[in-house]
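Notes for the one structure printed next.
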Amino acid sequence: MRSYSLLIFLLFFSFLSSKGQENTRNDLLGNQYSWSSFELIKMDSKGEFLFSWQNPSGGEIIWVDPSNPFRILTFTKESNQIIWLDNKLSPIGDPISLDQLGMLDISGICVSKDGGLWAFDQSTRLLIKLDQNLKKQIEAPFRIKLDNSAKAWVPMMEWKQQLYFLTPSEQIIVTDLFGQVSKHIPLNAKSMHVNNAGLLFITEHDSYQYSPETGMLKSLIKKP
């Protein structure tokens with residue numbers, strides 16, 4: 001319980017200190033991943049340093065998805081490249097250019113449980129599913145209103161046969177694995193994480209545990 005409470009505190013504090021820009025994720029093993037513009041650091045559940053990695057190809061690290069702690073996705077929007085890392089933050093293979101796949105304006109990306117990935121291409125307003133061989137399996141129309149900033153971003157995650165999107169319109173959009181919207185959760189979450197109890201949504205002033213089975217949100221911050 002103590003380590004779980006510490007994890008909640010670290011996630012909440014990192015969110016506040018980043019002024020709304022999510023730059024911390026955790027995996028199901030309790031490890032924490034924090035990144036700045038060009039460096040990723042991995043710590044254990046006690047906050048002790050394990051490994052670090054600096055992006056050799058340059059460009060700011062926009063997103064890290066450690067859903068699979070042995071095949072971690074990192075994404076650089078400037079170069080539109082994915083670099084996969086192992087559990088010691090060593091690169092797996094060469095960088096993957098999404099330009100070469102015709103995906104030119106990625107504003108959200110995450111790992112899929114079958115070894116592929118999901119990406120939201122803002123230029124075409126398509127939600128795209130790639131298999132582990134980078135072949136397109138799904139292209140579904142998907143509209144989220146974003147600003148025209150080069151850094152416009154939609155945090156997204158696959159969890160238990162559903163996709164979750166943190167939109168700027170103060171709601172979380174949930175779709176099935178075909179890209180069809182199934183639910184809207186009225187919560188202005190700034191970041192989301194996975195723990196043993198399920199999904200954790202963090203807002204500006206609170207943290208909520210979400211149960212997909214019941215659709216219930218439970219506050220984890222004790223009110224005075």
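Every chain in the structure tokens has a letter given in the order shown (A, B, ...), and although residue numbers restart at 1 in each chain, ligands are simply numbered from 1 in the order shown.
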Excluding same-chain residues fewer than 4 positions from segment 91-96 of chain A, what lies within 6 Å of it counting only C-alpha atoms, as a list in words? Gln81, Ile82, Ile83, Trp84 and Leu85 of chain A
Grab the residues selected above and save them as an mmCIF file, in the first residue's frame with C-alpha atoms.
data_model
loop_
_atom_site.group_PDB
_atom_site.id
_atom_site.type_symbol
_atom_site.label_atom_id
_atom_site.label_comp_id
_atom_site.auth_asym_id
_atom_site.auth_seq_id
_atom_site.Cartn_x
_atom_site.Cartn_y
_atom_site.Cartn_z
ATOM 1 C CA GLN A 81 10.111 8.620 -36.057
ATOM 2 C CA ILE A 82 9.519 5.709 -33.696
ATOM 3 C CA ILE A 83 12.383 4.104 -31.801
ATOM 4 C CA TRP A 84 11.685 0.883 -29.894
ATOM 5 C CA LEU A 85 13.677 0.278 -26.697
#
Long-range neighbours of Met156 of chain A as a PyMOL selection string, 7 Å cut-off, only C-alpha atoms, 3 positions minimum in chain: chain A and resi 108-110+163-166
Output file for the selection above: C-alpha atoms, as a PDB file, in the first residue's frame:
ATOM      1  CA  GLY A 108      -1.249  10.553 -30.933  1.00  0.00           C
ATOM      2  CA  ILE A 109       0.315   7.109 -30.829  1.00  0.00           C
ATOM      3  CA  CYS A 110       0.322   4.031 -28.607  1.00  0.00           C
ATOM      4  CA  LEU A 163      -8.716   2.664 -26.810  1.00  0.00           C
ATOM      5  CA  TYR A 164      -8.716   5.731 -24.562  1.00  0.00           C
ATOM      6  CA  PHE A 165      -8.044   9.277 -25.798  1.00  0.00           C
ATOM      7  CA  LEU A 166      -7.489  12.315 -23.574  1.00  0.00           C
TER       8      LEU A 166
END
For each of A:Met103, A:Val194, A:Ile138, A:Leu199, take the minimum atom-to-atom distance to Asn26 of chain A, counting only C-alpha atoms, then give the residue where this is smallest. A:Val194
Judged by only C-alpha atoms, the minimum distance to Trp63 of chain A among A:Gly47, A:Gly30, A:Gly102, A:Pro155 is found for A:Pro155
Hey, what's within 12 Å of Lys160 of chain A if we count only C-alpha atoms and toss same-chain stuff fewer than 4 positions away? As a PDB file with C-alpha atoms, in the first residue's frame, please?
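The result, stored in part00.pdb:
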ATOM      1  CA  SER A  67       2.715  -0.721 -21.943  1.00  0.00           C
ATOM      2  CA  SER A 112      -1.254  -2.316 -29.349  1.00  0.00           C
ATOM      3  CA  LYS A 113      -1.355  -5.554 -27.403  1.00  0.00           C
ATOM      4  CA  ASP A 114      -0.672  -7.663 -30.510  1.00  0.00           C
ATOM      5  CA  TYR A 164      -8.716   5.731 -24.562  1.00  0.00           C
ATOM      6  CA  VAL A 174     -13.300   5.527 -25.683  1.00  0.00           C
ATOM      7  CA  THR A 175     -13.378   3.431 -28.866  1.00  0.00           C
ATOM      8  CA  ASP A 176     -13.371  -0.259 -29.657  1.00  0.00           C
ATOM      9  CA  LEU A 177     -10.470  -1.854 -31.520  1.00  0.00           C
ATOM     10  CA  VAL A 194      -1.953   1.807 -15.741  1.00  0.00           C
ATOM     11  CA  GLY A 198      -6.776  -0.665 -13.926  1.00  0.00           C
ATOM     12  CA  LEU A 199      -6.612   2.826 -15.364  1.00  0.00           C
ATOM     13  CA  SER A 211     -13.068   0.651 -13.686  1.00  0.00           C
ATOM     14  CA  PRO A 212     -13.907  -0.262 -17.315  1.00  0.00           C
ATOM     15  CA  GLU A 213     -16.236  -2.993 -16.075  1.00  0.00           C
TER      16      GLU A 213
END
Between atom CA of Ser90 of chain A and atom CA of Ile72 of chain A, distance in Å (one decimal): 9.7 Å
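Here the DSSP assignment of helix (DSSP H, G or I), based on backbone atoms, applies within segment 17-218 of chain A to A:Ser17, A:Asp99, A:Gln100, A:Leu101.
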Using the selection just defined, write its residues with N, CA and C atoms as a tab-separated table (two decimals), in the first residue's frame.
chain	number	residue	atom	x	y	z
A	17	SER	N	4.27	19.58	-11.80
A	17	SER	CA	5.52	20.27	-12.10
A	17	SER	C	5.72	20.46	-13.59
A	99	ASP	N	6.90	8.84	-42.10
A	99	ASP	CA	6.77	9.51	-43.40
A	99	ASP	C	6.73	8.48	-44.53
A	100	GLN	N	7.57	7.47	-44.41
A	100	GLN	CA	7.65	6.45	-45.46
A	100	GLN	C	6.39	5.60	-45.54
A	101	LEU	N	5.58	5.65	-44.47
A	101	LEU	CA	4.32	4.91	-44.46
A	101	LEU	C	3.14	5.81	-44.83
Out of A:Val154, A:Phe70, A:His193, A:Asp131, which residue has the shortest atom-to-atom distance to Ile106 of chain A when counting only C-alpha atoms? A:Val154
Which residues come within 8 Å of Gln54 of chain A, counting only C-alpha atoms, excluding same-chain residues fewer than 3 positions away, as a list of chain:residue names? A:Phe38, A:Glu39, A:Leu40
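One finds atom CA of Gly59 of chain A at 6.0 Å from atom CA of Thr76 of chain A.
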Point out the residue among A:Lys88, A:Ile185, A:Lys135, A:Glu60 with the least atom-to-atom distance to Met43 of chain A, counting only C-alpha atoms. A:Lys88
The distance between atom CA of Tyr210 of chain A and atom CA of Thr167 of chain A is 16.7 Å
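Considering only segment 91-156 of chain A, backbone DSSP assigns strand (DSSP E or B) to Pro91, Ile96, Ser97, Ile106, Ser107, Gly108, Ile109, Cys110, Val111, Leu117, Trp118, Ala119, Phe120, Asp121, Leu126, Leu127, Ile128, Lys129, Leu130, Lys136, Gln137, Ile138, Glu139, Ala140, Pro141 and Met156 of chain A.
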Could you write out the selected residues, including C-alpha atoms, as a tab-separated table (two decimals), in the first residue's frame?
chain	number	residue	atom	x	y	z
A	91	PRO	CA	17.34	0.51	-29.09
A	96	ILE	CA	11.05	3.74	-38.06
A	97	SER	CA	10.05	6.66	-40.28
A	106	ILE	CA	0.91	12.11	-36.05
A	107	SER	CA	-0.83	13.69	-33.04
A	108	GLY	CA	-1.25	10.55	-30.93
A	109	ILE	CA	0.32	7.11	-30.83
A	110	CYS	CA	0.32	4.03	-28.61
A	111	VAL	CA	1.28	0.37	-28.47
A	117	LEU	CA	0.61	0.19	-32.85
A	118	TRP	CA	-2.18	2.72	-33.14
A	119	ALA	CA	-1.70	6.26	-34.46
A	120	PHE	CA	-3.93	9.27	-35.00
A	121	ASP	CA	-2.96	11.17	-38.16
A	126	LEU	CA	-7.72	8.89	-39.52
A	127	LEU	CA	-7.13	6.45	-36.69
A	128	ILE	CA	-4.65	3.95	-38.12
A	129	LYS	CA	-3.78	0.48	-36.87
A	130	LEU	CA	-0.46	-1.05	-37.93
A	136	LYS	CA	-2.01	-1.08	-42.19
A	137	GLN	CA	-4.91	-3.09	-40.83
A	138	ILE	CA	-7.45	-0.36	-40.01
A	139	GLU	CA	-8.06	3.19	-41.19
A	140	ALA	CA	-11.06	4.63	-39.38
A	141	PRO	CA	-12.33	8.24	-39.57
A	156	MET	CA	-3.86	7.61	-26.06
Give me, as JSON, numbers by chain, all polymer residues having an atom no more than 10 Å from Lys145 of chain A, counting only C-alpha atoms and skipping those fewer than 4 positions away in the same chain. {"A": [122, 125, 167, 168, 169]}
Residues of the last selection are to be written out with all heavy atoms, as an mmCIF file, in the first residue's frame.
data_model
loop_
_atom_site.group_PDB
_atom_site.id
_atom_site.type_symbol
_atom_site.label_atom_id
_atom_site.label_comp_id
_atom_site.auth_asym_id
_atom_site.auth_seq_id
_atom_site.Cartn_x
_atom_site.Cartn_y
_atom_site.Cartn_z
ATOM 1 N N GLN A 122 -3.439 13.504 -37.814
ATOM 2 C CA GLN A 122 -4.283 14.697 -37.845
ATOM 3 C C GLN A 122 -4.478 15.227 -39.263
ATOM 4 O O GLN A 122 -5.503 15.849 -39.575
ATOM 5 C CB GLN A 122 -3.681 15.786 -36.961
ATOM 6 C CG GLN A 122 -4.592 16.998 -36.773
ATOM 7 C CD GLN A 122 -3.990 18.027 -35.833
ATOM 8 O OE1 GLN A 122 -2.894 17.859 -35.321
ATOM 9 N NE2 GLN A 122 -4.710 19.107 -35.604
ATOM 10 N N ARG A 125 -7.193 12.928 -40.463
ATOM 11 C CA ARG A 125 -8.219 12.632 -39.456
ATOM 12 C C ARG A 125 -8.574 11.148 -39.456
ATOM 13 O O ARG A 125 -9.740 10.762 -39.399
ATOM 14 C CB ARG A 125 -9.472 13.490 -39.685
ATOM 15 C CG ARG A 125 -9.207 14.997 -39.612
ATOM 16 C CD ARG A 125 -8.772 15.393 -38.214
ATOM 17 N NE ARG A 125 -8.480 16.817 -38.102
ATOM 18 C CZ ARG A 125 -9.372 17.738 -37.747
ATOM 19 N NH1 ARG A 125 -10.619 17.356 -37.463
ATOM 20 N NH2 ARG A 125 -9.032 19.004 -37.655
ATOM 21 N N THR A 167 -8.781 14.024 -24.688
ATOM 22 C CA THR A 167 -9.000 15.109 -25.639
ATOM 23 C C THR A 167 -8.943 16.460 -24.936
ATOM 24 O O THR A 167 -9.119 16.544 -23.713
ATOM 25 C CB THR A 167 -10.366 14.969 -26.331
ATOM 26 O OG1 THR A 167 -11.392 15.327 -25.396
ATOM 27 C CG2 THR A 167 -10.596 13.536 -26.797
ATOM 28 N N PRO A 168 -8.713 17.552 -25.680
ATOM 29 C CA PRO A 168 -8.696 18.888 -25.081
ATOM 30 C C PRO A 168 -10.090 19.431 -24.789
ATOM 31 O O PRO A 168 -10.223 20.555 -24.302
ATOM 32 C CB PRO A 168 -7.978 19.732 -26.141
ATOM 33 C CG PRO A 168 -8.253 19.037 -27.433
ATOM 34 C CD PRO A 168 -8.305 17.571 -27.097
ATOM 35 N N SER A 169 -11.130 18.660 -25.061
ATOM 36 C CA SER A 169 -12.510 19.131 -24.868
ATOM 37 C C SER A 169 -13.104 18.646 -23.549
ATOM 38 O O SER A 169 -14.314 18.476 -23.437
ATOM 39 C CB SER A 169 -13.390 18.681 -26.027
ATOM 40 O OG SER A 169 -13.371 17.263 -26.146
#
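Comparing A:Phe75, A:Trp159, A:Phe178, A:Trp153 by their smallest distance to Lys190 of chain A, the closest is A:Trp153 (using only C-alpha atoms).
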Selection near Tyr33 of chain A, 6 Å with only C-alpha atoms, sequence-local residues under 6 positions removed, as an mmCIF file with N, CA and C atoms, in the first residue's frame:
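Generated file (part-v7.cif):
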data_model
loop_
_atom_site.group_PDB
_atom_site.id
_atom_site.type_symbol
_atom_site.label_atom_id
_atom_site.label_comp_id
_atom_site.auth_asym_id
_atom_site.auth_seq_id
_atom_site.Cartn_x
_atom_site.Cartn_y
_atom_site.Cartn_z
ATOM 1 N N THR A 24 5.579 11.700 -17.901
ATOM 2 C CA THR A 24 5.853 10.577 -17.009
ATOM 3 C C THR A 24 4.844 9.466 -17.266
ATOM 4 N N ARG A 25 5.348 8.244 -17.388
ATOM 5 C CA ARG A 25 4.481 7.076 -17.521
ATOM 6 C C ARG A 25 4.999 5.993 -16.590
ATOM 7 N N ASN A 26 4.172 5.000 -16.312
ATOM 8 C CA ASN A 26 4.618 3.856 -15.537
ATOM 9 C C ASN A 26 4.177 2.574 -16.218
ATOM 10 N N ILE A 41 14.514 8.608 -18.768
ATOM 11 C CA ILE A 41 15.078 7.991 -17.574
ATOM 12 C C ILE A 41 14.089 6.968 -17.033
ATOM 13 N N LYS A 42 14.606 5.801 -16.680
ATOM 14 C CA LYS A 42 13.793 4.746 -16.091
ATOM 15 C C LYS A 42 14.170 4.589 -14.620
#
